[in-house]
Amino acid sequence: MSDPLFSVKDHVVLVSGGSRGIGRAIAAGFAQRGARVVITGRQQDTLNQTAREISQGESTVQALVCDVLDGNRIEEVVEEIVGQYGQIDTLVNVAGINQRKPAIDYTEDEYDRIMGVNLKGAFVVSQRVGRHMLQRGSGSQINISSLNSHRTVSHLLPYALSKIGMDQMTRALAMEWGQAGVRVNAIGPGFVETDLTRKVWQDKTMEDWREANTPQRRIGKPEDMVGTALFLASPASAYLTGQVIYVDGGMTAGRMWPFSA
Ligand code: NAP
């Protein structure tokens, strides 16, 4: 990208949960623009394949196994990246899971797992990377929240709680770290077709409901998240922190009438 205002060239970017879906697309978007990208996830094979596929010429994407439920491993990964590249300019906190069922049926283990990965895991990654960014006096963190933090859809209670928690984490960290030069923002994706959601959108009733309620009348693609992530990492957003930007085809803007005027 030639305009320095929007450039992420040579930035060191950690995408936590970058092996598949939205994280993969964001990692590829940074790599295409000359950033030095590290992706993490739980499976070395998937990570290696993704890293090979999204690496760009001299810009080799690095793949490191890191489960966000493992605080010690997160610490090691941060040290490894800082040791190798000297810095982390941008963290994209993507790792997340979901499970749909009536609130009455969730087991405690299911609840703990969703909150553990989506909220506690994201916090621990933010904190460990934050320590380094605060020491350095600069950095941008981008949390991948959800339209469920705006208004939830039914049968997703722990997921919705984890995402509203993530939004408050975004605001709280922005307040604590703003003076030290570290910005924290979130992207709230609308409905995006990935492994996490593909099955739901194969159902015609669900597809019709989604289309009828999305002003832009289409499902999101993982690549739709890239522009906002680049913006939030680049100097163009230098005075922007503590915000949640919904990238959702307009779904959170309001409610659609069931007919055209
Ligand atoms: P996805 O295709 O299932 O990808 C999830 C990613 O998270 C994978 O890279 C996965 O890697 C990683 N991950 C899961 N558990 C992990 C753990 N314990 N430690 C480290 N990495 C872990 O899902 P997606 O749709 O791209 O979702 C990505 C994020 O966007 C999630 O936070 C989700 O809540 C959010 N989001 C998605 C949508 C949507 O419609 N798709 C909408 C709103 C928000 P491995 O499985 O290889 O470990």
# chains A, B, ... in the order shown; residues from 1 in each chain; ligands from 1

$ closest_atom_pairs --of "range 18-56 of chain A" --to "range 3-12 of chain A" --cutoff "8 Å" --atoms "only C-alpha atoms" --output "CSV"
residue,atom,partner,partner_atom,distance
A:Phe30,CA,A:Val8,CA,7.1
A:Arg33,CA,A:Lys9,CA,5.9
A:Gly34,CA,A:Lys9,CA,4.5
A:Ala35,CA,A:Asp10,CA,4.5
A:Arg36,CA,A:Val12,CA,4.8
A:Val37,CA,A:Val12,CA,5.9
A:Val38,CA,A:Val12,CA,7.8

$ residues_near_ligand --ligand "ligand 1" --cutoff "7 Å" --atoms "only C-alpha atoms and all ligand atoms" --output "ChimeraX atom specification"
/A:16-24,40-43,46-47,66-69,94-98,117-118,144-147,188-197

$ select_by_dssp --residues "range 28-258 of chain A" --states "strand (DSSP E)" --output "MDAnalysis selection string"
chainID A and resid 36:41 62:65 90:93 139:144 182:189 244:247

$ residues_around --residues "Thr60 in chain A" --least-positions-apart "2" --cutoff "9 Å" --atoms "only C-alpha atoms" --output "list in words"
Ala31, Arg36, Val37, Val38, Ala51, Arg52, Ile54, Ser55, Gln56, Gly57, Glu58 and Gln62 of chain A

$ write_last_selection --atoms "all heavy atoms" --output "compact mmCIF listing (two decimals), in the first residue's frame"
# COMPACT_ATOMS: atom_id res chain seq x y z
N ALA A 31 -0.35 -9.95 5.43
CA ALA A 31 0.82 -10.47 4.71
C ALA A 31 0.90 -9.87 3.30
O ALA A 31 1.98 -9.50 2.82
CB ALA A 31 0.76 -11.99 4.64
N ARG A 36 4.84 -8.53 8.73
CA ARG A 36 5.44 -9.80 9.16
C ARG A 36 4.45 -10.42 10.13
O ARG A 36 4.19 -9.87 11.21
CB ARG A 36 6.79 -9.52 9.84
CG ARG A 36 7.82 -9.00 8.83
CD ARG A 36 9.07 -8.49 9.50
NE ARG A 36 8.84 -7.21 10.13
CZ ARG A 36 9.73 -6.62 10.95
NH1 ARG A 36 10.86 -7.22 11.24
NH2 ARG A 36 9.46 -5.44 11.50
N VAL A 37 3.88 -11.56 9.69
CA VAL A 37 2.70 -12.09 10.38
C VAL A 37 3.02 -13.41 11.08
O VAL A 37 3.67 -14.29 10.50
CB VAL A 37 1.55 -12.31 9.36
CG1 VAL A 37 0.33 -12.89 10.05
CG2 VAL A 37 1.20 -10.99 8.66
N VAL A 38 2.53 -13.54 12.31
CA VAL A 38 2.60 -14.81 13.03
C VAL A 38 1.16 -15.24 13.31
O VAL A 38 0.37 -14.45 13.84
CB VAL A 38 3.36 -14.66 14.37
CG1 VAL A 38 3.40 -16.00 15.11
CG2 VAL A 38 4.76 -14.11 14.15
N ALA A 51 -0.09 -21.13 6.78
CA ALA A 51 1.09 -20.24 6.66
C ALA A 51 1.69 -20.36 5.26
O ALA A 51 2.04 -19.35 4.64
CB ALA A 51 2.12 -20.60 7.72
N ARG A 52 1.77 -21.61 4.75
CA ARG A 52 2.31 -21.79 3.39
C ARG A 52 1.43 -21.08 2.37
O ARG A 52 1.92 -20.39 1.49
CB ARG A 52 2.32 -23.29 3.04
CG ARG A 52 3.63 -23.98 3.28
CD ARG A 52 3.72 -25.33 2.57
NE ARG A 52 2.56 -26.18 2.72
CZ ARG A 52 2.34 -26.98 3.79
NH1 ARG A 52 3.21 -27.02 4.78
NH2 ARG A 52 1.27 -27.74 3.84
N ILE A 54 -0.70 -18.55 2.67
CA ILE A 54 -0.88 -17.10 2.70
C ILE A 54 0.43 -16.32 2.72
O ILE A 54 0.41 -15.10 2.69
CB ILE A 54 -1.78 -16.66 3.89
CG1 ILE A 54 -1.10 -16.88 5.24
CG2 ILE A 54 -3.14 -17.35 3.84
CD1 ILE A 54 -1.89 -16.32 6.43
N SER A 55 1.57 -17.02 2.76
CA SER A 55 2.85 -16.32 2.71
C SER A 55 2.99 -15.62 1.36
O SER A 55 2.51 -16.12 0.34
CB SER A 55 4.01 -17.30 2.90
OG SER A 55 4.07 -17.70 4.25
N GLN A 56 3.64 -14.46 1.39
CA GLN A 56 3.75 -13.65 0.17
C GLN A 56 5.22 -13.39 -0.12
O GLN A 56 5.84 -12.59 0.58
CB GLN A 56 3.07 -12.29 0.38
CG GLN A 56 1.60 -12.35 0.68
CD GLN A 56 0.81 -12.58 -0.58
OE1 GLN A 56 1.14 -12.05 -1.64
NE2 GLN A 56 -0.24 -13.39 -0.48
N GLY A 57 5.78 -14.04 -1.12
CA GLY A 57 7.18 -13.78 -1.51
C GLY A 57 8.11 -13.84 -0.31
O GLY A 57 8.17 -14.84 0.40
N GLU A 58 8.78 -12.71 -0.06
CA GLU A 58 9.74 -12.67 1.06
C GLU A 58 9.03 -12.63 2.41
O GLU A 58 9.62 -12.88 3.45
CB GLU A 58 10.62 -11.42 0.95
CG GLU A 58 11.65 -11.54 -0.15
CD GLU A 58 12.31 -10.20 -0.42
OE1 GLU A 58 12.38 -9.36 0.49
OE2 GLU A 58 12.76 -10.03 -1.56
N GLN A 62 4.64 -16.95 9.83
CA GLN A 62 5.13 -17.96 10.77
C GLN A 62 3.96 -18.57 11.54
O GLN A 62 3.01 -17.85 11.90
CB GLN A 62 6.09 -17.28 11.74
CG GLN A 62 6.92 -18.25 12.52
CD GLN A 62 7.83 -17.55 13.51
OE1 GLN A 62 8.03 -16.35 13.44
NE2 GLN A 62 8.37 -18.32 14.43

$ closest_residue --among "A:Asp112, A:Asp203, A:Asp89, A:Asp224" --to "Ile142 in chain A" --atoms "only C-alpha atoms"
A:Asp89

$ closest_residue --among "A:Ile245, A:Val77, A:Leu119, A:Met251" --to "Ala160 in chain A" --atoms "only C-alpha atoms"
A:Leu119

$ decode --residues "range 172-199 of chain A" --atoms "N, CA and C atoms" --output "CSV table (one decimal), in the first residue's frame"
chain,number,residue,atom,x,y,z
A,172,ALA,N,-12.1,-1.0,28.7
A,172,ALA,CA,-11.4,-0.9,29.9
A,172,ALA,C,-9.9,-0.8,29.6
A,173,LEU,N,-9.4,-1.7,28.7
A,173,LEU,CA,-7.9,-1.6,28.3
A,173,LEU,C,-7.6,-0.3,27.6
A,174,ALA,N,-8.5,0.1,26.8
A,174,ALA,CA,-8.2,1.4,26.1
A,174,ALA,C,-8.0,2.5,27.1
A,175,MET,N,-8.8,2.5,28.1
A,175,MET,CA,-8.7,3.6,29.1
A,175,MET,C,-7.4,3.5,29.9
A,176,GLU,N,-7.0,2.2,30.2
A,176,GLU,CA,-5.8,2.0,31.0
A,176,GLU,C,-4.5,2.2,30.2
A,177,TRP,N,-4.6,1.9,29.0
A,177,TRP,CA,-3.4,1.9,28.2
A,177,TRP,C,-3.2,3.1,27.2
A,178,GLY,N,-4.3,3.9,27.1
A,178,GLY,CA,-4.2,5.0,26.1
A,178,GLY,C,-3.1,6.0,26.3
A,179,GLN,N,-2.8,6.4,27.5
A,179,GLN,CA,-1.7,7.3,27.7
A,179,GLN,C,-0.4,6.8,27.4
A,180,ALA,N,-0.3,5.4,27.5
A,180,ALA,CA,1.0,4.8,27.2
A,180,ALA,C,1.2,4.4,25.7
A,181,GLY,N,0.3,4.9,24.9
A,181,GLY,CA,0.4,4.7,23.4
A,181,GLY,C,-0.1,3.4,22.9
A,182,VAL,N,-0.9,2.7,23.7
A,182,VAL,CA,-1.4,1.4,23.2
A,182,VAL,C,-2.9,1.6,23.0
A,183,ARG,N,-3.4,1.3,21.7
A,183,ARG,CA,-4.8,1.5,21.4
A,183,ARG,C,-5.4,0.1,21.4
A,184,VAL,N,-6.7,0.0,21.8
A,184,VAL,CA,-7.4,-1.2,21.8
A,184,VAL,C,-8.8,-1.0,21.2
A,185,ASN,N,-9.1,-1.7,20.2
A,185,ASN,CA,-10.5,-1.6,19.5
A,185,ASN,C,-11.0,-3.0,19.2
A,186,ALA,N,-12.3,-3.0,18.8
A,186,ALA,CA,-12.8,-4.3,18.4
A,186,ALA,C,-13.6,-4.2,17.1
A,187,ILE,N,-13.6,-5.3,16.4
A,187,ILE,CA,-14.5,-5.5,15.3
A,187,ILE,C,-15.6,-6.4,15.6
A,188,GLY,N,-16.8,-6.0,15.3
A,188,GLY,CA,-18.0,-6.9,15.6
A,188,GLY,C,-18.5,-7.4,14.2
A,189,PRO,N,-18.0,-8.6,13.9
A,189,PRO,CA,-18.5,-9.2,12.6
A,189,PRO,C,-20.0,-9.5,12.6
A,190,GLY,N,-20.7,-9.3,11.5
A,190,GLY,CA,-22.0,-9.8,11.4
A,190,GLY,C,-21.9,-11.3,11.0
A,191,PHE,N,-22.9,-11.8,10.3
A,191,PHE,CA,-22.8,-13.2,9.9
A,191,PHE,C,-21.8,-13.5,8.8
A,192,VAL,N,-20.9,-14.3,9.1
A,192,VAL,CA,-19.8,-14.5,8.1
A,192,VAL,C,-19.7,-16.0,7.9
A,193,GLU,N,-19.5,-16.4,6.7
A,193,GLU,CA,-19.5,-17.9,6.4
A,193,GLU,C,-18.1,-18.5,6.7
A,194,THR,N,-18.0,-19.3,7.7
A,194,THR,CA,-16.8,-20.0,8.1
A,194,THR,C,-17.2,-21.4,8.6
A,195,ASP,N,-16.1,-22.1,9.0
A,195,ASP,CA,-16.4,-23.4,9.6
A,195,ASP,C,-17.3,-23.3,10.8
A,196,LEU,N,-17.3,-22.2,11.5
A,196,LEU,CA,-18.1,-22.0,12.7
A,196,LEU,C,-19.6,-21.9,12.4
A,197,THR,N,-19.9,-21.5,11.2
A,197,THR,CA,-21.3,-21.1,10.9
A,197,THR,C,-21.9,-21.8,9.7
A,198,ARG,N,-21.0,-22.5,8.9
A,198,ARG,CA,-21.5,-23.0,7.6
A,198,ARG,C,-22.7,-23.8,7.7
A,199,LYS,N,-22.8,-24.7,8.7
A,199,LYS,CA,-23.9,-25.6,8.8
A,199,LYS,C,-25.2,-24.8,9.0
